[in-house]
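> Dropping in structure-v6.txt, with compact mmCIF, C-alpha atoms.
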# COMPACT_ATOMS: atom_id res chain seq x y z
CA MET S 179 -23.74 -8.42 -22.95
CA SER S 180 -25.24 -10.24 -19.96
CA ARG S 181 -27.11 -8.41 -17.21
CA LYS S 182 -24.34 -9.41 -14.80
CA SER S 183 -21.51 -7.99 -16.90
CA LYS S 184 -23.48 -4.77 -17.50
CA GLY S 185 -23.76 -4.49 -13.72
CA CYS S 186 -20.01 -5.00 -13.36
CA ASP S 187 -19.32 -2.32 -15.98
CA ALA S 188 -21.42 0.18 -14.05
CA GLU S 189 -19.56 -0.74 -10.86
CA ARG S 190 -16.15 -0.34 -12.51
CA GLU S 191 -17.18 3.02 -13.95
CA LEU S 192 -18.16 4.28 -10.51
CA ILE S 193 -15.01 2.94 -8.85
CA HIS S 194 -12.92 4.77 -11.40
CA ILE S 195 -14.66 8.04 -10.48
CA PHE S 196 -13.77 7.55 -6.79
CA TRP S 197 -10.10 6.80 -7.61
CA GLN S 198 -9.87 9.95 -9.74
CA THR S 199 -10.21 11.97 -6.53
CA ASN S 200 -7.25 12.30 -4.17
CA ASP S 201 -9.09 11.32 -1.06
CA TRP S 202 -11.19 8.27 -1.85
CA ALA S 203 -10.54 4.59 -2.44
CA ALA S 204 -13.19 2.18 -3.70
CA CYS S 205 -13.49 -1.48 -4.57
CA ARG S 206 -16.04 -3.95 -5.92
CA VAL S 207 -17.26 -6.66 -3.57
CA ALA S 208 -16.86 -10.23 -4.86
CA GLY S 209 -20.02 -12.31 -5.15
CA SER S 210 -22.36 -9.49 -4.15
CA GLY S 211 -25.89 -10.75 -4.77
CA SER S 212 -24.85 -14.41 -4.69
CA ILE S 213 -23.06 -14.98 -1.36
CA LYS S 214 -24.89 -15.85 1.82
CA TYR S 215 -23.82 -12.78 3.76
CA PRO S 216 -25.20 -9.31 3.05
CA ALA S 217 -22.80 -7.31 0.91
CA PRO S 218 -22.96 -4.06 -1.05
CA ASP S 219 -21.82 -3.80 -4.69
CA ILE S 220 -19.11 -1.30 -3.81
CA ILE S 221 -17.29 -0.16 -0.70
CA ALA S 222 -15.84 3.35 -0.86
CA ALA S 223 -13.99 5.17 1.87
CA SER S 224 -11.93 8.25 2.64
CA ARG S 225 -10.07 8.93 5.90
CA THR S 226 -13.28 10.31 7.40
CA LYS S 227 -16.25 8.62 5.71
CA ARG S 228 -17.33 5.15 4.60
CA LEU S 229 -19.99 4.29 2.05
CA ALA S 230 -21.69 0.96 1.33
CA ILE S 231 -23.09 1.36 -2.18
CA GLU S 232 -25.70 -0.46 -4.25
CA CYS S 233 -25.14 0.59 -7.84
CA LYS S 234 -27.23 0.51 -11.03
CA ALA S 235 -27.02 1.97 -14.52
CA CYS S 236 -30.57 2.38 -15.84
CA LYS S 237 -31.76 2.52 -19.47
CA GLY S 238 -35.40 3.31 -18.70
CA ASN S 239 -37.03 5.97 -16.56
CA SER S 240 -37.43 3.94 -13.35
CA GLN S 241 -34.93 1.82 -11.46
CA TYR S 242 -36.43 -0.77 -9.12
CA PHE S 243 -34.64 -2.44 -6.19
CA ASP S 244 -35.76 -5.54 -4.33
CA LYS S 245 -36.65 -4.58 -0.77
CA LYS S 246 -34.35 -7.33 0.51
CA GLU S 247 -31.44 -5.77 -1.42
CA ILE S 248 -31.88 -2.38 0.26
CA ILE S 249 -32.57 -3.80 3.72
CA GLU S 250 -29.39 -5.89 3.55
CA LEU S 251 -27.46 -2.83 2.37
CA GLN S 252 -28.67 -0.97 5.44
CA GLN S 253 -27.77 -3.89 7.72
CA PHE S 254 -24.25 -4.08 6.30
CA ALA S 255 -23.84 -0.31 6.57
CA HIS S 256 -25.02 -0.28 10.18
CA LYS S 257 -22.71 -3.11 11.19
CA THR S 258 -19.66 -1.41 9.66
CA ASN S 259 -20.59 2.15 10.67
CA ALA S 260 -20.88 3.17 7.02
CA GLU S 261 -23.55 5.15 5.17
CA ALA S 262 -25.94 3.18 2.93
CA ILE S 263 -26.02 4.78 -0.52
CA ILE S 264 -27.93 3.88 -3.69
CA ALA S 265 -26.08 5.04 -6.82
CA VAL S 266 -28.08 5.30 -10.06
CA ARG S 267 -27.03 6.54 -13.47
CA PHE S 268 -29.87 7.05 -15.92
CA ASN S 269 -28.92 7.28 -19.60
CA GLN S 270 -27.51 10.69 -20.50
CA GLU S 271 -27.37 11.68 -16.85
CA GLN S 272 -24.57 11.79 -14.32
CA TRP S 273 -24.45 9.40 -11.38
CA HIS S 274 -26.89 10.39 -8.63
CA PHE S 275 -26.58 9.15 -5.05
CA PHE S 276 -29.56 8.52 -2.80
CA MET S 277 -30.17 7.58 0.81
CA PRO S 278 -32.62 4.70 1.27
CA ALA S 279 -35.21 7.12 2.70
CA GLU S 280 -35.21 9.04 -0.60
CA LEU S 281 -36.51 6.02 -2.55
CA ASP S 282 -40.23 5.51 -3.13
CA GLU S 283 -41.78 2.30 -1.90
CA THR S 284 -44.11 -0.08 -3.74
CA ASN S 285 -45.42 -3.41 -2.48
CA LYS S 286 -42.27 -5.38 -3.23
CA HIS S 287 -39.75 -2.80 -4.34
CA PHE S 288 -38.07 0.49 -3.73
CA VAL S 289 -37.93 2.67 -6.80
CA ILE S 290 -36.22 5.80 -8.04
CA THR S 291 -37.49 7.55 -11.16
CA ARG S 292 -35.80 9.92 -13.55
CA GLU S 293 -38.08 12.80 -12.52
CA HIS S 294 -36.74 12.58 -8.95
CA LEU S 295 -33.27 13.64 -10.09
CA GLN S 296 -34.40 17.28 -9.90
CA ASN S 297 -35.12 17.31 -6.20
CA ARG S 298 -33.58 14.23 -4.60
CA GLY S 299 -30.16 12.72 -4.26
CA LYS S 300 -26.69 14.15 -4.61
CA LEU S 301 -24.14 14.42 -7.39
CA PHE S 302 -20.73 12.77 -6.88
CA LYS S 303 -19.07 16.04 -5.89
CA GLU S 304 -21.70 16.76 -3.25
CA LEU S 305 -21.49 13.23 -1.88
CA THR S 306 -17.72 13.26 -1.52
CA GLN S 307 -17.22 16.88 -0.52
CA GLN S 308 -19.56 16.46 2.41
CA ALA S 309 -17.14 13.89 3.79
CA GLN S 310 -14.35 16.42 4.11
CA GLU S 311 -16.31 18.94 6.17
CA MET R 168 -7.47 -27.00 -7.61
CA SER R 169 -5.91 -23.84 -9.06
CA ARG R 170 -3.81 -21.47 -7.00
CA LYS R 171 -6.48 -18.83 -7.51
CA SER R 172 -9.35 -20.97 -6.22
CA LYS R 173 -7.27 -22.09 -3.23
CA GLY R 174 -6.76 -18.42 -2.45
CA CYS R 175 -10.50 -17.80 -2.69
CA ASP R 176 -11.19 -20.74 -0.37
CA ALA R 177 -8.87 -19.27 2.26
CA GLU R 178 -10.59 -15.90 1.89
CA ARG R 179 -14.06 -17.45 2.24
CA GLU R 180 -12.95 -19.39 5.32
CA LEU R 181 -11.75 -16.20 6.98
CA ILE R 182 -14.85 -14.23 6.05
CA HIS R 183 -17.00 -16.90 7.62
CA ILE R 184 -15.05 -16.53 10.89
CA PHE R 185 -15.77 -12.78 10.97
CA TRP R 186 -19.50 -13.32 10.31
CA GLN R 187 -19.70 -15.86 13.14
CA THR R 188 -19.09 -12.99 15.56
CA ASN R 189 -21.89 -10.56 16.38
CA ASP R 190 -19.93 -7.43 15.74
CA TRP R 191 -18.03 -7.89 12.50
CA ALA R 192 -18.91 -7.93 8.81
CA ALA R 193 -16.43 -8.94 6.12
CA CYS R 194 -16.35 -9.30 2.34
CA ARG R 195 -14.01 -10.41 -0.42
CA VAL R 196 -12.81 -7.77 -2.84
CA ALA R 197 -13.44 -8.52 -6.53
CA GLY R 198 -10.39 -8.66 -8.78
CA SER R 199 -7.86 -8.18 -5.96
CA GLY R 200 -4.44 -8.80 -7.50
CA SER R 201 -5.66 -8.14 -11.06
CA ILE R 202 -7.29 -4.69 -11.07
CA LYS R 203 -5.32 -1.52 -11.60
CA TYR R 204 -6.13 0.04 -8.24
CA PRO R 205 -4.62 -1.22 -4.98
CA ALA R 206 -7.05 -3.51 -3.17
CA PRO R 207 -6.84 -5.90 -0.23
CA ASP R 208 -8.16 -9.48 -0.41
CA ILE R 209 -10.70 -8.84 2.32
CA ILE R 210 -12.29 -5.84 3.99
CA ALA R 211 -13.57 -6.43 7.51
CA ALA R 212 -15.18 -3.89 9.80
CA SER R 213 -17.03 -3.47 13.06
CA ARG R 214 -18.68 -0.26 14.30
CA THR R 215 -15.33 0.87 15.71
CA LYS R 216 -12.56 -0.69 13.63
CA ARG R 217 -11.71 -1.36 9.99
CA LEU R 218 -9.24 -3.88 8.63
CA ALA R 219 -7.74 -4.20 5.13
CA ILE R 220 -6.53 -7.80 4.96
CA GLU R 221 -4.12 -9.70 2.73
CA CYS R 222 -4.81 -13.38 3.31
CA LYS R 223 -2.91 -16.63 2.65
CA ALA R 224 -3.23 -20.28 3.65
CA CYS R 225 0.26 -21.81 3.67
CA LYS R 226 1.25 -25.47 3.24
CA GLY R 227 4.97 -25.00 3.94
CA ASN R 228 6.83 -23.32 6.76
CA SER R 229 7.33 -19.90 5.17
CA GLN R 230 4.84 -17.60 3.49
CA TYR R 231 6.32 -14.98 1.16
CA PHE R 232 4.61 -11.78 0.02
CA ASP R 233 5.69 -9.53 -2.84
CA LYS R 234 6.80 -6.21 -1.46
CA LYS R 235 4.43 -4.44 -3.87
CA GLU R 236 1.52 -6.44 -2.43
CA ILE R 237 2.21 -5.27 1.12
CA ILE R 238 3.01 -1.68 0.17
CA GLU R 239 -0.27 -1.42 -1.76
CA LEU R 240 -2.11 -2.91 1.21
CA GLN R 241 -0.64 -0.19 3.42
CA GLN R 242 -1.55 2.51 0.89
CA PHE R 243 -5.15 1.31 0.69
CA ALA R 244 -5.36 1.05 4.49
CA HIS R 245 -3.99 4.56 4.97
CA LYS R 246 -6.36 6.06 2.43
CA THR R 247 -9.41 4.46 4.05
CA ASN R 248 -8.26 4.92 7.66
CA ALA R 249 -8.12 1.15 8.16
CA GLU R 250 -5.49 -1.08 9.71
CA ALA R 251 -3.31 -3.14 7.32
CA ILE R 252 -3.34 -6.78 8.40
CA ILE R 253 -1.67 -9.87 6.97
CA ALA R 254 -3.61 -13.04 7.79
CA VAL R 255 -1.78 -16.39 7.49
CA ARG R 256 -2.96 -19.88 8.31
CA PHE R 257 -0.21 -22.52 8.31
CA ASN R 258 -1.34 -26.14 8.08
CA GLN R 259 -2.64 -27.46 11.40
CA GLU R 260 -2.54 -23.97 12.90
CA GLN R 261 -5.18 -21.35 13.52
CA TRP R 262 -5.26 -18.08 11.58
CA HIS R 263 -2.65 -15.62 12.80
CA PHE R 264 -2.82 -11.91 12.09
CA PHE R 265 0.25 -9.73 11.60
CA MET R 266 1.00 -6.06 11.14
CA PRO R 267 3.35 -5.31 8.22
CA ALA R 268 6.12 -4.35 10.68
CA GLU R 269 6.02 -7.90 12.11
CA LEU R 270 7.07 -9.45 8.80
CA ASP R 271 10.73 -10.14 8.00
CA GLU R 272 12.19 -8.55 4.90
CA THR R 273 14.29 -10.13 2.16
CA ASN R 274 15.51 -8.47 -1.02
CA LYS R 275 12.24 -8.79 -2.90
CA HIS R 276 9.78 -10.13 -0.37
CA PHE R 277 8.28 -9.92 3.05
CA VAL R 278 8.09 -13.26 4.81
CA ILE R 279 6.47 -14.84 7.82
CA THR R 280 7.66 -18.23 9.04
CA ARG R 281 5.96 -20.85 11.16
CA GLU R 282 8.40 -20.35 14.02
CA HIS R 283 7.27 -16.72 14.39
CA LEU R 284 3.80 -17.84 15.47
CA GLN R 285 5.08 -18.22 19.02
CA ASN R 286 6.02 -14.60 19.53
CA ARG R 287 4.41 -12.51 16.79
CA GLY R 288 0.96 -11.79 15.52
CA LYS R 289 -2.46 -12.16 17.08
CA LEU R 290 -5.13 -14.84 17.11
CA PHE R 291 -8.57 -13.94 15.73
CA LYS R 292 -10.02 -13.37 19.19
CA GLU R 293 -7.22 -10.97 20.13
CA LEU R 294 -7.52 -9.12 16.84
CA THR R 295 -11.26 -8.58 17.12
CA GLN R 296 -11.56 -8.08 20.90
CA GLN R 297 -9.10 -5.23 20.74
CA ALA R 298 -11.55 -3.42 18.52
CA GLN R 299 -14.16 -3.28 21.25
CA GLU R 300 -11.93 -1.70 23.88
What is this structure when it is put down as structure tokens?

Amino acid sequence: MSRKSKGCDAERELIHIFWQTNDWAACRVAGSGSIKYPAPDIIAASRTKRLAIECKACKGNSQYFDKKEIIELQQFAHKTNAEAIIAVRFNQEQWHFFMPAELDETNKHFVITREHLQNRGKLFKELTQQAQE
Amino acid sequence: MSRKSKGCDAERELIHIFWQTNDWAACRVAGSGSIKYPAPDIIAASRTKRLAIECKACKGNSQYFDKKEIIELQQFAHKTNAEAIIAVRFNQEQWHFFMPAELDETNKHFVITREHLQNRGKLFKELTQQAQE
């Protein structure tokens, strides 16, 4: 399976989780990563909250993101009054949701490691419940 | 050129118009029309307004929409607190933007005809300026 279609599978999996709730809708963005305008992988929204999401399923213990990818996510989120969220699912873990400030920074990348799951990020329920408060 | 790729071209054209403004971002939704969840063709948003858009370029004088298509657009818009908008560009005309209630209804379809452009719908500038008020 190509890297691109693995990415799409992760996106579809996450979209399905949003639609299983009563209050959220979500959709994949076409051409994310290849079009000339900044675009997240997924847009999710309820009546009261909007999320612009970059989404990765990770087989190893560290998931890296190009700095440009995260900066463009933040730009898109700012322009549309949405929250920028990085969604990562490590093998045998649930999806975890991070704000950009929760990622570690290297020279060229932002990174989230498996050991951070203990004390950073939110689970899906926490992410979406917060919106209803 | 296939019907599908013509549709994509119309969507890309409209997205470009949103990005040419300072205040709006827009993106195409992947798999619109083929995925199992309701999804618009385009999502556009500024800091203060969100639009869920069904989008067609029309060579004739009447553009028909399946009722299901428009009803799902309204459902998606309601769920995400966005405005449901139907965008149509007839040949040699600018894009016009309609609310569902501005479409005429037949047995199986909603329809907008070229002659309605005089007294229904908004131009892009009217649609997007309103958002800033």
> Would you list which chain R residues are within 6 Å of chain S using all atoms listed in the file, as a ChimeraX atom specification?
/R:195-197,212-214,246-248
> Over all Cα atoms in order, fit chain S to chain R and jot down the RMSD to one decimal place.
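C-alpha RMSD after least-squares superposition: 0.0 Å.
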> Mind giving me the straight-line distance from CA of Lys245 (chain S) to CA of His287 (chain S) in Å, one decimal?
5.1 Å
> From the options R:Ile253, R:Met266, R:Phe277, R:Leu218, which residue's atoms come nearest to Lys235 (chain R), counting all atoms listed in the file?
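Using all atoms listed in the file, the shortest distance to Lys235 (chain R) belongs to R:Phe277.
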> At a cut-off of 12 Å, using all atoms listed in the file, what residues contact Gln198 (chain S)? Leave out same-chain residues fewer than 6 positions from it and give the result as number ranges by chain.
S: 191-192, 204, 302-303, 306; R: 204
> For region 278-280 of chain S, work out the shell of residues within 12 Å, counting all atoms listed in the file and skipping chain neighbours fewer than 5 positions away, then give it as a list in words.
Ala230, Ile231, Glu232, Phe243, Lys245, Glu247, Ile248, Ile249, Glu250, Leu251, Gln252, Gln253, Ala255, Glu261, Ala262, Ile263, Ile264, Ala265, His287, Phe288, Val289, Ile290, Thr291, His294, Leu295, Asn297, Arg298, Gly299 and Lys300 of chain S
> For those residues, write C-alpha atoms to a file as a PDB file, in the coordinates of the input.

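Listing of part23.pdb after writing:
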ATOM      1  CA  ALA S 230     -21.690   0.960   1.330  1.00  0.00           C
ATOM      2  CA  ILE S 231     -23.090   1.360  -2.180  1.00  0.00           C
ATOM      3  CA  GLU S 232     -25.700  -0.460  -4.250  1.00  0.00           C
ATOM      4  CA  PHE S 243     -34.640  -2.440  -6.190  1.00  0.00           C
ATOM      5  CA  LYS S 245     -36.650  -4.580  -0.770  1.00  0.00           C
ATOM      6  CA  GLU S 247     -31.440  -5.770  -1.420  1.00  0.00           C
ATOM      7  CA  ILE S 248     -31.880  -2.380   0.260  1.00  0.00           C
ATOM      8  CA  ILE S 249     -32.570  -3.800   3.720  1.00  0.00           C
ATOM      9  CA  GLU S 250     -29.390  -5.890   3.550  1.00  0.00           C
ATOM     10  CA  LEU S 251     -27.460  -2.830   2.370  1.00  0.00           C
ATOM     11  CA  GLN S 252     -28.670  -0.970   5.440  1.00  0.00           C
ATOM     12  CA  GLN S 253     -27.770  -3.890   7.720  1.00  0.00           C
ATOM     13  CA  ALA S 255     -23.840  -0.310   6.570  1.00  0.00           C
ATOM     14  CA  GLU S 261     -23.550   5.150   5.170  1.00  0.00           C
ATOM     15  CA  ALA S 262     -25.940   3.180   2.930  1.00  0.00           C
ATOM     16  CA  ILE S 263     -26.020   4.780  -0.520  1.00  0.00           C
ATOM     17  CA  ILE S 264     -27.930   3.880  -3.690  1.00  0.00           C
ATOM     18  CA  ALA S 265     -26.080   5.040  -6.820  1.00  0.00           C
ATOM     19  CA  HIS S 287     -39.750  -2.800  -4.340  1.00  0.00           C
ATOM     20  CA  PHE S 288     -38.070   0.490  -3.730  1.00  0.00           C
ATOM     21  CA  VAL S 289     -37.930   2.670  -6.800  1.00  0.00           C
ATOM     22  CA  ILE S 290     -36.220   5.800  -8.040  1.00  0.00           C
ATOM     23  CA  THR S 291     -37.490   7.550 -11.160  1.00  0.00           C
ATOM     24  CA  HIS S 294     -36.740  12.580  -8.950  1.00  0.00           C
ATOM     25  CA  LEU S 295     -33.270  13.640 -10.090  1.00  0.00           C
ATOM     26  CA  ASN S 297     -35.120  17.310  -6.200  1.00  0.00           C
ATOM     27  CA  ARG S 298     -33.580  14.230  -4.600  1.00  0.00           C
ATOM     28  CA  GLY S 299     -30.160  12.720  -4.260  1.00  0.00           C
ATOM     29  CA  LYS S 300     -26.690  14.150  -4.610  1.00  0.00           C
TER      30      LYS S 300
END
> Could you tell me how far CA of His274 (chain S) sits from CA of Cys236 (chain S), in Å to one decimal place?
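Separation of CA of Cys236 (chain S) and CA of His274 (chain S): 11.4 Å.
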> Near Gln259 (chain R), within 12 Å and counting all atoms listed in the file, which residues show up once chain neighbours fewer than 6 positions away are dropped, as a CSV table (one decimal) with C-alpha atoms, in the frame of the given file?

chain,number,residue,atom,x,y,z
R,224,ALA,CA,-3.2,-20.3,3.6
R,225,CYS,CA,0.3,-21.8,3.7
R,226,LYS,CA,1.2,-25.5,3.2
R,227,GLY,CA,5.0,-25.0,3.9
R,228,ASN,CA,6.8,-23.3,6.8
R,281,ARG,CA,6.0,-20.8,11.2
> What does the distance from CA of Phe276 (chain S) to CA of Glu293 (chain S) come to in Å, to one decimal?
13.6 Å
> Which residue, R:Asp271, R:Arg256, R:Trp262, R:Gly174, has the smallest gap to Glu293 (chain R) when you use only C-alpha atoms?
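That would be R:Trp262, the residue with the smallest distance to Glu293 (chain R).
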> Would you mind completing region 254-279 of chain S to N, CA and C atoms and writing the output as a compact mmCIF listing (two decimals), in the coordinates of the input?

# COMPACT_ATOMS: atom_id res chain seq x y z
N PHE S 254 -25.71 -4.07 6.46
CA PHE S 254 -24.25 -4.08 6.30
C PHE S 254 -23.67 -2.73 6.72
N ALA S 255 -24.32 -1.66 6.26
CA ALA S 255 -23.84 -0.31 6.57
C ALA S 255 -23.87 -0.07 8.08
N HIS S 256 -24.93 -0.48 8.73
CA HIS S 256 -25.02 -0.28 10.18
C HIS S 256 -23.91 -1.03 10.91
N LYS S 257 -23.71 -2.27 10.51
CA LYS S 257 -22.71 -3.11 11.19
C LYS S 257 -21.30 -2.55 11.04
N THR S 258 -21.02 -1.90 9.93
CA THR S 258 -19.66 -1.41 9.66
C THR S 258 -19.54 0.11 9.86
N ASN S 259 -20.60 0.70 10.40
CA ASN S 259 -20.59 2.15 10.67
C ASN S 259 -20.36 2.95 9.37
N ALA S 260 -20.97 2.49 8.32
CA ALA S 260 -20.88 3.17 7.02
C ALA S 260 -22.25 3.78 6.68
N GLU S 261 -22.30 4.57 5.63
CA GLU S 261 -23.55 5.15 5.17
C GLU S 261 -24.07 4.31 4.00
N ALA S 262 -25.35 3.95 4.03
CA ALA S 262 -25.94 3.18 2.93
C ALA S 262 -26.32 4.14 1.81
N ILE S 263 -25.80 3.89 0.62
CA ILE S 263 -26.02 4.78 -0.52
C ILE S 263 -26.48 3.97 -1.74
N ILE S 264 -27.49 4.49 -2.43
CA ILE S 264 -27.93 3.88 -3.69
C ILE S 264 -27.47 4.81 -4.83
N ALA S 265 -26.63 4.25 -5.71
CA ALA S 265 -26.08 5.04 -6.82
C ALA S 265 -26.80 4.63 -8.11
N VAL S 266 -27.37 5.60 -8.80
CA VAL S 266 -28.08 5.30 -10.06
C VAL S 266 -27.61 6.27 -11.14
N ARG S 267 -27.31 5.69 -12.31
CA ARG S 267 -27.03 6.54 -13.47
C ARG S 267 -28.04 6.23 -14.56
N PHE S 268 -28.96 7.16 -14.79
CA PHE S 268 -29.87 7.05 -15.92
C PHE S 268 -29.13 7.46 -17.19
N ASN S 269 -29.55 6.90 -18.32
CA ASN S 269 -28.92 7.28 -19.60
C ASN S 269 -28.86 8.79 -19.78
N GLN S 270 -27.74 9.26 -20.25
CA GLN S 270 -27.51 10.69 -20.50
C GLN S 270 -27.61 11.56 -19.25
N GLU S 271 -27.44 10.94 -18.11
CA GLU S 271 -27.37 11.68 -16.85
C GLU S 271 -26.08 11.32 -16.12
N GLN S 272 -25.68 12.14 -15.19
CA GLN S 272 -24.57 11.79 -14.32
C GLN S 272 -25.03 10.79 -13.26
N TRP S 273 -24.10 10.23 -12.53
CA TRP S 273 -24.45 9.40 -11.38
C TRP S 273 -25.14 10.27 -10.33
N HIS S 274 -26.22 9.75 -9.76
CA HIS S 274 -26.89 10.39 -8.63
C HIS S 274 -26.88 9.42 -7.45
N PHE S 275 -26.76 9.97 -6.26
CA PHE S 275 -26.58 9.15 -5.05
C PHE S 275 -27.70 9.44 -4.06
N PHE S 276 -28.37 8.37 -3.64
CA PHE S 276 -29.56 8.52 -2.80
C PHE S 276 -29.41 7.78 -1.47
N MET S 277 -30.01 8.33 -0.43
CA MET S 277 -30.17 7.58 0.81
C MET S 277 -31.40 6.70 0.66
N PRO S 278 -31.45 5.58 1.39
CA PRO S 278 -32.62 4.70 1.27
C PRO S 278 -33.95 5.43 1.49
N ALA S 279 -33.96 6.41 2.40
CA ALA S 279 -35.21 7.12 2.70
C ALA S 279 -35.68 7.97 1.53
